[in-house]
Amino acid sequence: MSFLEFVEGPLFLFAAGVFVLASLWRFVGIIRIGRKKDISPPKGSAAGGFIAGNFRHFFPRGIFARRTWLHIVGGYGFHLGLLALVVLGAPHVAFLEDRLFGFGWTPLPRWGFILVADVAFAGLIVLWVRRISDPVMRLISSRADHIGSILIFLVMLTGAFAMQESHDLLRAIHMLMVDIFLIYFPFSRLFHGFTFVLSRGNTGATYGRKGMNL
Amino acid sequence: MSEQNKAENRAEIAVAKFLEHTDAEAASFFDACVHCGECAQACHFYLNTGDPKYTPTYKLKPMERAYERHKAPFSTLKRMLGLTPSEVTEQELLEWEPLVYDSCNMCGRCTLVCPMGIDIAGTIRKMREGYAAADMVPEGLKRSAEFVRKTSSPMGVTIKALKAQIAHQEKDTGIPIEIDKHGADYMAIFSSMEIMGYPEVLGAYAKLFKKAGLSWTISSVAYEATNVGVQIGSAPMAKEILQRVVDAAEALEVKHVISPECGHAYGAIRWAGPNLMGRQFKFEVVHIIEVLDRLRREGRIPAGPKDGRRMTLHDPCQIIRRGGLLKEPRSLLDDSCSDFIEMKGSGITNFCCGGGGGVSANPRAEDLKLAAFNSKAAQLDAIEGLEAVVVPCANCRTVFEDGLDDQEMDLEVIGLSELVAQTLADT
């Protein structure tokens, strides 16, 4: 078995298994901590608030835009760019069809793939530079925040090297980084990719009961 | 007990309480925070000092660390591998204490800017439970608590003092105010600041409720609405304070208890109240703004000539953003003043006055409070020709008066009930 076959085969399946099981464990673990039932008479729907809160926080409020535009641009650029390149990049669509789903979908053209990758890179670099240069960010950032940034950067960088599909080793290195990323994700701050639903939802539910959409 | 043991115990007590109050909601907040720092851009303490330590999420650090070390999923595994944060020490707790009490009004503005929607204010409230249990509370708040134990009022307002103020208002308005009237529809409670600082609110209630033909009373044993237990972060104390009101209201068999123009008092009885008591009340809790809005819509307190001064409205955080009463005060103001103008950023995104969450009862935080008021002063200053500001919270009113004085701004500060009473139709 070649190194590429190993990282795309058994190691990938192991990493994906860890990702799924550990993510489920952590997500359910948070819910299982439980919370006391709120018995104050409601003015609105907590369930409706949970959903509304999740959508509401996708959209930044204009009043904060002047002070937060850099983070908004960087954050949206990185996350949307990353989502697009993972889900719509031709090599990724082919890989997911071959290894996971058994079916594929129309990928982005090559120029589109390069464009979204550039957007994701630019967004990540903006967020990272901000994290290491802004006094607030320097104070509140933990080691885990930096590890997450570095890891995702390496995944994307090795992906860029592998994009030409000129050498198996480059593809193998990219897949190794992906495997490490999948294993690291559920134990790290990167897990906010799932917990945001609970966080926004819990606040939304609290305010939903009060008849507000925050 | 040695000094070292005592110190360890205080830290242990605080951490145990942190963990007890880290429910699934708080856990989801800790596990969702990406340390993006956006919350700083919404916090008037950071905006007016530029000091990164006032970043809201940073204020939660000790509680977050306790969670990560002891309660988070995988914490056992991570602890075995030495990957959890170290134990929170008393020294760190003491270092954070001013951040938790002096520089957070629990106003909730940071939640609006947070991409994860984290309720930092609500989590600070839970964190204060740990500080209160470990007796790490600012002296000013401890003093208020002592007054409450002795007199039920954080300012030491006795029933004798209340009766004197009622007598003055009865004389001014010519309307009697009945105390301990059994079977009244409504029982009103007040903040000490209203009773002593703005007693005309008693007269305003008398005038408005007489016009509406509403049956109401004031209890001689439970007239205080404020709840220092909520500000300190002590659920047992908050419950004890609330118990007096609940017992009195149920003994008088009133149908409603009116929460006054006081921010945290409303949250304490309306939203936290039944949860603190562990049961629903036999009466409905309504805010005075809700009552007036309802009476206005029913045509029972018709509006007369409007106040012609240029006025704006301050949105008390616990009534508007965290209380859910956004439209009602505006509806009343539409009928009461002819030159009403919203301040920039009004409504749920409005700035706190800087004195909420126990900060105004904490003399140590005085300078910080006045610094935070700069954001409010800037909002007011941006309105050309502004003559008065309506502030439907007695605590905010005192902060406004201090802040305006500090900024040398000449502006009248008025309560909403008083304005509605002043602009009531004569017929």
# chains A, B, ... in the order shown; residues from 1 in each chain; ligands from 1
$ residues_around --residues "range 151-163 of chain A" --least-positions-apart "3" --cutoff "7 Å" --atoms "only C-alpha atoms" --output "PyMOL selection string"
chain A and resi 147-148+170-171+173-174+177-178+181
$ write_last_selection --atoms "C-alpha atoms" --output "tab-separated table (two decimals), in the first residue's frame"
chain	number	residue	atom	x	y	z
A	147	ILE	CA	-3.34	25.90	16.35
A	148	GLY	CA	-6.72	25.90	14.61
A	170	LEU	CA	1.69	16.46	-2.92
A	171	ARG	CA	-1.78	14.92	-2.94
A	173	ILE	CA	0.56	15.39	2.00
A	174	HIS	CA	-2.68	17.29	1.50
A	177	MET	CA	-3.28	17.26	6.63
A	178	VAL	CA	-6.99	16.67	6.00
A	181	PHE	CA	-7.66	18.16	10.65
$ interface_residues --of "chain B" --to "chain A" --cutoff "8 Å" --atoms "only C-alpha atoms" --output "VMD selection string"
chain B and resid 23 to 25 27 to 29 31 to 38 40 to 42 52 to 53 55 57 to 58 72 to 74 112 to 119 270 to 275 278 to 280 322 to 324 345 349
$ write_last_selection --atoms "N, CA and C atoms" --output "short mmCIF file (atom, residue, chain, number, x, y, z; two decimals), in the first residue's frame"
data_model
loop_
_atom_site.label_atom_id
_atom_site.label_comp_id
_atom_site.auth_asym_id
_atom_site.auth_seq_id
_atom_site.Cartn_x
_atom_site.Cartn_y
_atom_site.Cartn_z
N ASP B 23 -24.65 25.35 32.84
CA ASP B 23 -25.63 24.41 32.27
C ASP B 23 -25.34 24.25 30.78
N ALA B 24 -26.23 23.54 30.10
CA ALA B 24 -26.00 23.27 28.68
C ALA B 24 -25.90 24.56 27.87
N GLU B 25 -26.63 25.57 28.32
CA GLU B 25 -26.60 26.86 27.62
C GLU B 25 -25.21 27.50 27.75
N ALA B 27 -22.48 26.05 28.57
CA ALA B 27 -21.49 25.18 27.91
C ALA B 27 -21.46 25.44 26.41
N SER B 28 -22.63 25.63 25.84
CA SER B 28 -22.66 25.90 24.39
C SER B 28 -21.98 27.22 24.08
N PHE B 29 -22.09 28.18 24.99
CA PHE B 29 -21.42 29.48 24.78
C PHE B 29 -19.90 29.31 24.83
N ASP B 31 -18.20 26.67 24.35
CA ASP B 31 -17.70 25.83 23.26
C ASP B 31 -17.90 26.46 21.89
N ALA B 32 -18.60 27.57 21.84
CA ALA B 32 -18.82 28.23 20.54
C ALA B 32 -17.94 29.46 20.36
N CYS B 33 -17.46 30.02 21.46
CA CYS B 33 -16.69 31.27 21.37
C CYS B 33 -15.39 31.03 20.61
N VAL B 34 -15.17 31.82 19.56
CA VAL B 34 -13.95 31.67 18.77
C VAL B 34 -12.94 32.76 19.09
N HIS B 35 -13.21 33.49 20.17
CA HIS B 35 -12.31 34.57 20.59
C HIS B 35 -12.05 35.53 19.44
N CYS B 36 -13.13 35.99 18.83
CA CYS B 36 -12.99 36.91 17.70
C CYS B 36 -12.89 38.35 18.16
N GLY B 37 -13.26 38.62 19.43
CA GLY B 37 -13.09 39.96 19.98
C GLY B 37 -14.13 40.98 19.54
N GLU B 38 -15.13 40.54 18.76
CA GLU B 38 -16.14 41.48 18.29
C GLU B 38 -16.92 42.10 19.45
N ALA B 40 -15.97 43.26 22.12
CA ALA B 40 -15.35 44.48 22.63
C ALA B 40 -15.93 45.71 21.93
N GLN B 41 -16.26 45.53 20.65
CA GLN B 41 -16.73 46.66 19.85
C GLN B 41 -18.15 47.09 20.21
N ALA B 42 -18.81 46.33 21.05
CA ALA B 42 -20.16 46.69 21.48
C ALA B 42 -20.18 47.13 22.94
N PRO B 52 -8.09 46.50 26.54
CA PRO B 52 -8.55 45.18 26.09
C PRO B 52 -9.13 44.30 27.20
N LYS B 53 -8.73 44.58 28.46
CA LYS B 53 -9.24 43.70 29.53
C LYS B 53 -10.74 43.83 29.70
N THR B 55 -12.83 43.55 27.33
CA THR B 55 -13.50 42.74 26.31
C THR B 55 -14.45 41.76 27.00
N THR B 57 -15.91 38.87 26.51
CA THR B 57 -15.64 37.43 26.65
C THR B 57 -14.46 37.17 27.60
N TYR B 58 -13.55 38.13 27.69
CA TYR B 58 -12.40 37.99 28.60
C TYR B 58 -12.85 37.96 30.05
N ALA B 72 -16.36 20.09 30.66
CA ALA B 72 -16.54 20.00 29.20
C ALA B 72 -16.42 18.54 28.74
N PRO B 73 -17.12 18.18 27.67
CA PRO B 73 -16.90 16.85 27.10
C PRO B 73 -15.41 16.67 26.80
N PHE B 74 -14.88 15.51 27.05
CA PHE B 74 -13.46 15.15 26.89
C PHE B 74 -12.56 15.77 27.96
N LEU B 112 -25.45 41.15 20.65
CA LEU B 112 -25.94 41.56 19.34
C LEU B 112 -24.85 41.50 18.27
N VAL B 113 -23.62 41.74 18.67
CA VAL B 113 -22.53 41.77 17.70
C VAL B 113 -21.85 40.41 17.58
N CYS B 114 -22.11 39.54 18.54
CA CYS B 114 -21.43 38.23 18.59
C CYS B 114 -21.92 37.34 17.45
N PRO B 115 -21.01 36.85 16.59
CA PRO B 115 -21.45 35.97 15.49
C PRO B 115 -22.06 34.68 16.02
N MET B 116 -21.71 34.32 17.23
CA MET B 116 -22.23 33.08 17.82
C MET B 116 -23.47 33.34 18.68
N GLY B 117 -23.84 34.60 18.83
CA GLY B 117 -25.03 34.93 19.62
C GLY B 117 -24.87 34.60 21.09
N ILE B 118 -23.66 34.68 21.60
CA ILE B 118 -23.41 34.27 22.99
C ILE B 118 -23.99 35.30 23.97
N ASP B 119 -24.74 34.81 24.94
CA ASP B 119 -25.34 35.69 25.96
C ASP B 119 -24.31 35.87 27.09
N ARG B 270 -40.15 39.29 36.80
CA ARG B 270 -40.92 38.79 35.65
C ARG B 270 -40.31 37.54 35.03
N TRP B 271 -38.98 37.61 34.79
CA TRP B 271 -38.37 36.50 34.06
C TRP B 271 -37.62 35.53 34.97
N ALA B 272 -36.89 36.06 35.96
CA ALA B 272 -36.16 35.15 36.85
C ALA B 272 -37.05 34.68 38.00
N GLY B 273 -38.03 35.51 38.37
CA GLY B 273 -38.84 35.27 39.57
C GLY B 273 -39.38 33.86 39.73
N PRO B 274 -40.22 33.39 38.82
CA PRO B 274 -40.79 32.05 39.01
C PRO B 274 -39.70 30.97 39.06
N ASN B 275 -38.61 31.18 38.33
CA ASN B 275 -37.52 30.19 38.35
C ASN B 275 -36.79 30.19 39.68
N GLY B 278 -39.27 28.58 42.08
CA GLY B 278 -39.57 27.19 41.76
C GLY B 278 -41.05 26.93 41.50
N ARG B 279 -41.79 27.99 41.26
CA ARG B 279 -43.21 27.84 40.95
C ARG B 279 -43.73 29.09 40.27
N GLN B 280 -44.88 28.93 39.62
CA GLN B 280 -45.51 30.11 39.02
C GLN B 280 -46.26 30.87 40.11
N ARG B 322 -33.36 43.27 27.05
CA ARG B 322 -33.44 41.99 27.76
C ARG B 322 -34.81 41.76 28.39
N GLY B 323 -35.70 42.74 28.25
CA GLY B 323 -37.01 42.61 28.86
C GLY B 323 -38.13 42.39 27.86
N GLY B 324 -37.91 42.79 26.63
CA GLY B 324 -38.91 42.53 25.60
C GLY B 324 -39.93 43.63 25.38
N GLY B 345 -28.97 54.63 17.11
CA GLY B 345 -28.71 53.36 17.80
C GLY B 345 -29.77 53.02 18.83
N THR B 349 -30.43 48.00 20.19
CA THR B 349 -28.97 48.17 20.12
C THR B 349 -28.50 49.36 20.95
#
$ select_by_dssp --residues "range 160-207 of chain B" --states "alpha helix (DSSP H)" --output "compact mmCIF listing (two decimals) with all heavy atoms, in the first residue's frame"
# COMPACT_ATOMS: atom_id res chain seq x y z
N LYS B 160 -42.08 53.80 57.24
CA LYS B 160 -42.37 55.14 57.76
C LYS B 160 -42.01 56.20 56.70
O LYS B 160 -42.78 57.14 56.44
CB LYS B 160 -41.55 55.36 59.04
CG LYS B 160 -42.02 56.50 59.90
CD LYS B 160 -41.21 56.53 61.19
CE LYS B 160 -41.36 57.88 61.85
NZ LYS B 160 -40.43 58.08 62.94
N ALA B 161 -40.86 56.02 56.09
CA ALA B 161 -40.42 56.96 55.05
C ALA B 161 -41.36 56.90 53.84
O ALA B 161 -41.73 57.92 53.26
CB ALA B 161 -38.99 56.63 54.62
N LEU B 162 -41.75 55.68 53.48
CA LEU B 162 -42.67 55.53 52.34
C LEU B 162 -43.99 56.22 52.62
O LEU B 162 -44.54 56.94 51.77
CB LEU B 162 -42.89 54.04 52.03
CG LEU B 162 -43.97 53.73 50.98
CD1 LEU B 162 -43.58 54.31 49.62
CD2 LEU B 162 -44.20 52.23 50.85
N LYS B 163 -44.50 56.01 53.84
CA LYS B 163 -45.80 56.62 54.19
C LYS B 163 -45.71 58.14 54.14
O LYS B 163 -46.67 58.82 53.73
CB LYS B 163 -46.25 56.14 55.57
CG LYS B 163 -46.86 54.73 55.52
CD LYS B 163 -47.34 54.29 56.89
CE LYS B 163 -48.06 52.94 56.81
NZ LYS B 163 -48.35 52.37 58.12
N ALA B 164 -44.57 58.68 54.55
CA ALA B 164 -44.40 60.13 54.50
C ALA B 164 -44.44 60.62 53.05
O ALA B 164 -45.07 61.64 52.73
CB ALA B 164 -43.07 60.52 55.15
N GLN B 165 -43.78 59.87 52.17
CA GLN B 165 -43.77 60.26 50.75
C GLN B 165 -45.17 60.12 50.15
O GLN B 165 -45.60 60.96 49.35
CB GLN B 165 -42.79 59.38 49.96
CG GLN B 165 -41.33 59.51 50.37
CD GLN B 165 -40.74 60.86 50.02
OE1 GLN B 165 -41.31 61.90 50.36
NE2 GLN B 165 -39.60 60.87 49.36
N ILE B 166 -45.89 59.09 50.56
CA ILE B 166 -47.26 58.90 50.06
C ILE B 166 -48.14 60.07 50.51
O ILE B 166 -48.92 60.62 49.71
CB ILE B 166 -47.84 57.54 50.56
CG1 ILE B 166 -47.16 56.38 49.81
CG2 ILE B 166 -49.35 57.48 50.37
CD1 ILE B 166 -47.54 55.00 50.33
N ALA B 167 -47.97 60.46 51.77
CA ALA B 167 -48.78 61.57 52.30
C ALA B 167 -48.54 62.85 51.50
O ALA B 167 -49.47 63.58 51.17
CB ALA B 167 -48.45 61.79 53.77
N HIS B 168 -47.27 63.12 51.14
CA HIS B 168 -46.94 64.30 50.33
C HIS B 168 -47.65 64.24 48.98
O HIS B 168 -48.22 65.22 48.50
CB HIS B 168 -45.43 64.37 50.08
CG HIS B 168 -44.66 64.92 51.23
ND1 HIS B 168 -44.91 66.17 51.76
CD2 HIS B 168 -43.63 64.41 51.95
CE1 HIS B 168 -44.07 66.38 52.75
NE2 HIS B 168 -43.30 65.33 52.91
N GLN B 169 -47.60 63.08 48.38
CA GLN B 169 -48.19 62.92 47.04
C GLN B 169 -49.71 63.00 47.09
O GLN B 169 -50.35 63.55 46.18
CB GLN B 169 -47.74 61.60 46.40
CG GLN B 169 -46.25 61.56 46.06
CD GLN B 169 -45.85 62.69 45.12
OE1 GLN B 169 -46.50 62.94 44.12
NE2 GLN B 169 -44.77 63.38 45.47
N GLU B 170 -50.29 62.46 48.17
CA GLU B 170 -51.75 62.56 48.33
C GLU B 170 -52.15 64.04 48.42
O GLU B 170 -53.16 64.47 47.85
CB GLU B 170 -52.19 61.80 49.57
CG GLU B 170 -52.15 60.29 49.39
CD GLU B 170 -52.55 59.51 50.65
OE1 GLU B 170 -52.28 60.00 51.77
OE2 GLU B 170 -53.11 58.42 50.51
N LYS B 171 -51.32 64.78 49.15
CA LYS B 171 -51.60 66.21 49.32
C LYS B 171 -51.46 66.95 47.98
O LYS B 171 -52.30 67.78 47.60
CB LYS B 171 -50.62 66.79 50.35
CG LYS B 171 -51.02 68.14 50.89
CD LYS B 171 -50.05 68.56 51.99
CE LYS B 171 -50.20 70.04 52.23
NZ LYS B 171 -49.09 70.56 53.04
N ASP B 172 -50.40 66.61 47.23
CA ASP B 172 -50.15 67.28 45.94
C ASP B 172 -51.23 66.98 44.91
O ASP B 172 -51.62 67.85 44.13
CB ASP B 172 -48.79 66.84 45.36
CG ASP B 172 -47.63 67.52 46.06
OD1 ASP B 172 -47.89 68.39 46.92
OD2 ASP B 172 -46.48 67.16 45.76
N THR B 173 -51.68 65.72 44.87
CA THR B 173 -52.63 65.33 43.83
C THR B 173 -54.08 65.36 44.30
O THR B 173 -55.00 65.37 43.47
CB THR B 173 -52.33 63.87 43.36
OG1 THR B 173 -52.46 62.99 44.49
CG2 THR B 173 -50.95 63.75 42.77
N SER B 192 -36.30 51.90 45.65
CA SER B 192 -36.01 52.89 46.71
C SER B 192 -35.70 54.24 46.10
O SER B 192 -36.06 55.28 46.65
CB SER B 192 -34.81 52.43 47.52
OG SER B 192 -35.14 51.31 48.28
N MET B 193 -35.01 54.22 44.97
CA MET B 193 -34.64 55.48 44.33
C MET B 193 -35.88 56.26 43.91
O MET B 193 -35.91 57.49 44.02
CB MET B 193 -33.73 55.17 43.12
CG MET B 193 -33.19 56.40 42.43
SD MET B 193 -32.46 57.61 43.56
CE MET B 193 -30.97 56.73 44.03
N GLU B 194 -36.88 55.55 43.46
CA GLU B 194 -38.13 56.24 43.10
C GLU B 194 -38.77 56.85 44.34
O GLU B 194 -39.21 58.00 44.33
CB GLU B 194 -39.12 55.25 42.46
CG GLU B 194 -38.79 54.88 41.04
CD GLU B 194 -39.83 53.93 40.45
OE1 GLU B 194 -40.03 52.85 41.04
OE2 GLU B 194 -40.43 54.25 39.42
N ILE B 195 -38.83 56.04 45.39
CA ILE B 195 -39.52 56.50 46.61
C ILE B 195 -38.84 57.74 47.18
O ILE B 195 -39.50 58.72 47.53
CB ILE B 195 -39.56 55.37 47.67
CG1 ILE B 195 -40.39 54.18 47.15
CG2 ILE B 195 -40.13 55.88 48.99
CD1 ILE B 195 -40.25 52.91 47.98
N MET B 196 -37.51 57.72 47.24
CA MET B 196 -36.81 58.83 47.86
C MET B 196 -36.39 59.93 46.88
O MET B 196 -36.39 61.11 47.22
CB MET B 196 -35.56 58.32 48.61
CG MET B 196 -35.86 57.32 49.71
SD MET B 196 -37.25 57.77 50.79
CE MET B 196 -36.60 59.19 51.65
N GLY B 197 -36.01 59.53 45.66
CA GLY B 197 -35.49 60.50 44.70
C GLY B 197 -36.53 61.08 43.77
O GLY B 197 -36.46 62.25 43.38
N GLU B 200 -42.58 61.77 42.96
CA GLU B 200 -43.72 62.20 42.12
C GLU B 200 -44.29 61.04 41.30
O GLU B 200 -45.41 61.13 40.81
CB GLU B 200 -43.33 63.38 41.22
CG GLU B 200 -42.13 63.20 40.34
CD GLU B 200 -40.79 63.48 41.04
OE1 GLU B 200 -40.71 63.57 42.28
OE2 GLU B 200 -39.80 63.61 40.30
N VAL B 201 -43.50 59.97 41.19
CA VAL B 201 -44.01 58.81 40.46
C VAL B 201 -45.22 58.20 41.20
O VAL B 201 -46.14 57.67 40.58
CB VAL B 201 -42.89 57.75 40.23
CG1 VAL B 201 -42.56 56.97 41.47
CG2 VAL B 201 -43.30 56.79 39.13
N LEU B 202 -45.21 58.31 42.53
CA LEU B 202 -46.35 57.81 43.32
C LEU B 202 -47.60 58.61 42.95
O LEU B 202 -48.70 58.05 42.78
CB LEU B 202 -46.07 57.95 44.82
CG LEU B 202 -44.88 57.16 45.37
CD1 LEU B 202 -44.50 57.67 46.76
CD2 LEU B 202 -45.19 55.68 45.43
N GLY B 203 -47.44 59.91 42.84
CA GLY B 203 -48.55 60.77 42.45
C GLY B 203 -49.01 60.48 41.03
O GLY B 203 -50.20 60.52 40.73
N ALA B 204 -48.02 60.19 40.16
CA ALA B 204 -48.37 59.88 38.76
C ALA B 204 -49.22 58.62 38.69
O ALA B 204 -50.24 58.57 37.98
CB ALA B 204 -47.09 59.70 37.94
N TYR B 205 -48.84 57.60 39.45
CA TYR B 205 -49.63 56.36 39.50
C TYR B 205 -51.05 56.69 39.97
O TYR B 205 -52.04 56.22 39.40
CB TYR B 205 -49.01 55.36 40.48
CG TYR B 205 -47.90 54.49 39.94
CD1 TYR B 205 -47.02 54.95 38.96
CD2 TYR B 205 -47.69 53.20 40.45
CE1 TYR B 205 -45.98 54.16 38.50
CE2 TYR B 205 -46.65 52.40 39.99
CZ TYR B 205 -45.80 52.89 39.03
OH TYR B 205 -44.77 52.10 38.58
N ALA B 206 -51.13 57.48 41.06
CA ALA B 206 -52.44 57.79 41.65
C ALA B 206 -53.34 58.48 40.61
O ALA B 206 -54.51 58.11 40.43
CB ALA B 206 -52.26 58.67 42.88
N LYS B 207 -52.74 59.43 39.91
CA LYS B 207 -53.50 60.19 38.92
C LYS B 207 -53.95 59.30 37.75
O LYS B 207 -55.12 59.31 37.33
CB LYS B 207 -52.60 61.33 38.40
CG LYS B 207 -53.30 62.40 37.61
CD LYS B 207 -52.30 63.50 37.26
CE LYS B 207 -52.88 64.40 36.17
NZ LYS B 207 -51.88 65.32 35.64
$ residues_around --residues "Pro98 in chain B" --least-positions-apart "2" --cutoff "12 Å" --atoms "only C-alpha atoms" --output "number ranges by chain"
B: 53-54, 59, 92-96, 100-105, 128, 131, 136-139, 358-359, 362-366, 368
$ residues_around --residues "Lys142 in chain B" --least-positions-apart "4" --cutoff "12 Å" --atoms "only C-alpha atoms" --output "list in words"
Ala132, Asp135, Met136, Val137, Pro138, Glu146, Phe147, Val148, Arg149, Pro154, Val228, Gly229, Gln231, Ile232, Gly233, Ser234, Met237, Gly358, Ala361, Asn362 and Pro363 of chain B
$ write_last_selection --atoms "N, CA, C and O atoms" --output "PDB file, in the first residue's frame"
ATOM      1  N   ALA B 132     -20.261  35.415  44.613  1.00  0.00           N
ATOM      2  CA  ALA B 132     -21.072  35.672  45.812  1.00  0.00           C
ATOM      3  C   ALA B 132     -20.889  34.549  46.825  1.00  0.00           C
ATOM      4  O   ALA B 132     -20.740  34.797  48.027  1.00  0.00           O
ATOM      5  N   ASP B 135     -17.824  34.874  48.676  1.00  0.00           N
ATOM      6  CA  ASP B 135     -17.750  36.166  49.370  1.00  0.00           C
ATOM      7  C   ASP B 135     -16.708  37.094  48.746  1.00  0.00           C
ATOM      8  O   ASP B 135     -15.944  37.750  49.443  1.00  0.00           O
ATOM      9  N   MET B 136     -16.697  37.128  47.450  1.00  0.00           N
ATOM     10  CA  MET B 136     -15.804  38.057  46.729  1.00  0.00           C
ATOM     11  C   MET B 136     -16.687  39.066  46.004  1.00  0.00           C
ATOM     12  O   MET B 136     -16.852  39.011  44.788  1.00  0.00           O
ATOM     13  N   VAL B 137     -17.262  39.953  46.786  1.00  0.00           N
ATOM     14  CA  VAL B 137     -18.251  40.898  46.266  1.00  0.00           C
ATOM     15  C   VAL B 137     -17.816  42.308  46.654  1.00  0.00           C
ATOM     16  O   VAL B 137     -17.322  42.510  47.773  1.00  0.00           O
ATOM     17  N   PRO B 138     -17.972  43.306  45.770  1.00  0.00           N
ATOM     18  CA  PRO B 138     -17.574  44.675  46.131  1.00  0.00           C
ATOM     19  C   PRO B 138     -18.292  45.160  47.389  1.00  0.00           C
ATOM     20  O   PRO B 138     -19.454  44.817  47.630  1.00  0.00           O
ATOM     21  N   GLU B 146     -26.768  44.445  53.149  1.00  0.00           N
ATOM     22  CA  GLU B 146     -27.011  44.612  54.586  1.00  0.00           C
ATOM     23  C   GLU B 146     -28.273  45.439  54.839  1.00  0.00           C
ATOM     24  O   GLU B 146     -29.100  45.112  55.678  1.00  0.00           O
ATOM     25  N   PHE B 147     -28.406  46.532  54.098  1.00  0.00           N
ATOM     26  CA  PHE B 147     -29.607  47.376  54.216  1.00  0.00           C
ATOM     27  C   PHE B 147     -30.869  46.568  53.909  1.00  0.00           C
ATOM     28  O   PHE B 147     -31.883  46.705  54.583  1.00  0.00           O
ATOM     29  N   VAL B 148     -30.774  45.750  52.881  1.00  0.00           N
ATOM     30  CA  VAL B 148     -31.944  44.946  52.482  1.00  0.00           C
ATOM     31  C   VAL B 148     -32.330  44.001  53.606  1.00  0.00           C
ATOM     32  O   VAL B 148     -33.512  43.830  53.912  1.00  0.00           O
ATOM     33  N   ARG B 149     -31.325  43.392  54.229  1.00  0.00           N
ATOM     34  CA  ARG B 149     -31.625  42.458  55.323  1.00  0.00           C
ATOM     35  C   ARG B 149     -32.341  43.169  56.461  1.00  0.00           C
ATOM     36  O   ARG B 149     -33.244  42.621  57.078  1.00  0.00           O
ATOM     37  N   PRO B 154     -32.459  48.522  49.637  1.00  0.00           N
ATOM     38  CA  PRO B 154     -30.999  48.703  49.556  1.00  0.00           C
ATOM     39  C   PRO B 154     -30.551  50.092  50.008  1.00  0.00           C
ATOM     40  O   PRO B 154     -29.382  50.308  50.296  1.00  0.00           O
ATOM     41  N   VAL B 228     -31.148  43.175  45.148  1.00  0.00           N
ATOM     42  CA  VAL B 228     -29.686  43.197  45.185  1.00  0.00           C
ATOM     43  C   VAL B 228     -29.104  41.790  45.037  1.00  0.00           C
ATOM     44  O   VAL B 228     -27.961  41.620  44.611  1.00  0.00           O
ATOM     45  N   GLY B 229     -29.926  40.790  45.337  1.00  0.00           N
ATOM     46  CA  GLY B 229     -29.482  39.399  45.162  1.00  0.00           C
ATOM     47  C   GLY B 229     -29.157  39.102  43.709  1.00  0.00           C
ATOM     48  O   GLY B 229     -28.190  38.404  43.400  1.00  0.00           O
ATOM     49  N   GLN B 231     -28.223  41.385  41.523  1.00  0.00           N
ATOM     50  CA  GLN B 231     -27.035  42.156  41.144  1.00  0.00           C
ATOM     51  C   GLN B 231     -25.752  41.517  41.667  1.00  0.00           C
ATOM     52  O   GLN B 231     -24.757  41.433  40.957  1.00  0.00           O
ATOM     53  N   ILE B 232     -25.810  41.065  42.905  1.00  0.00           N
ATOM     54  CA  ILE B 232     -24.637  40.411  43.487  1.00  0.00           C
ATOM     55  C   ILE B 232     -24.385  39.066  42.816  1.00  0.00           C
ATOM     56  O   ILE B 232     -23.252  38.664  42.592  1.00  0.00           O
ATOM     57  N   GLY B 233     -25.491  38.397  42.486  1.00  0.00           N
ATOM     58  CA  GLY B 233     -25.372  37.075  41.889  1.00  0.00           C
ATOM     59  C   GLY B 233     -25.630  35.972  42.891  1.00  0.00           C
ATOM     60  O   GLY B 233     -25.034  34.905  42.822  1.00  0.00           O
ATOM     61  N   SER B 234     -26.511  36.247  43.838  1.00  0.00           N
ATOM     62  CA  SER B 234     -26.825  35.229  44.837  1.00  0.00           C
ATOM     63  C   SER B 234     -28.282  34.807  44.698  1.00  0.00           C
ATOM     64  O   SER B 234     -29.189  35.546  45.080  1.00  0.00           O
ATOM     65  N   MET B 237     -30.272  34.778  48.026  1.00  0.00           N
ATOM     66  CA  MET B 237     -30.661  36.111  48.475  1.00  0.00           C
ATOM     67  C   MET B 237     -31.764  36.686  47.571  1.00  0.00           C
ATOM     68  O   MET B 237     -32.731  37.292  48.047  1.00  0.00           O
ATOM     69  N   GLY B 358     -25.666  46.602  39.043  1.00  0.00           N
ATOM     70  CA  GLY B 358     -25.040  46.826  40.351  1.00  0.00           C
ATOM     71  C   GLY B 358     -23.869  47.792  40.313  1.00  0.00           C
ATOM     72  O   GLY B 358     -23.295  48.123  41.359  1.00  0.00           O
ATOM     73  N   ALA B 361     -24.277  50.916  42.338  1.00  0.00           N
ATOM     74  CA  ALA B 361     -24.283  50.706  43.793  1.00  0.00           C
ATOM     75  C   ALA B 361     -22.886  50.374  44.303  1.00  0.00           C
ATOM     76  O   ALA B 361     -22.714  50.003  45.461  1.00  0.00           O
ATOM     77  N   ASN B 362     -21.924  50.506  43.429  1.00  0.00           N
ATOM     78  CA  ASN B 362     -20.552  50.091  43.723  1.00  0.00           C
ATOM     79  C   ASN B 362     -19.623  51.302  43.590  1.00  0.00           C
ATOM     80  O   ASN B 362     -19.138  51.598  42.495  1.00  0.00           O
ATOM     81  N   PRO B 363     -19.399  52.044  44.676  1.00  0.00           N
ATOM     82  CA  PRO B 363     -18.620  53.287  44.584  1.00  0.00           C
ATOM     83  C   PRO B 363     -17.246  53.103  43.953  1.00  0.00           C
ATOM     84  O   PRO B 363     -16.724  54.005  43.316  1.00  0.00           O
TER      85      PRO B 363
END
$ closest_residue --among "A:Arg99, A:His146, A:His79, A:His92" --to "Phe121 in chain A" --atoms "only C-alpha atoms"
A:His79
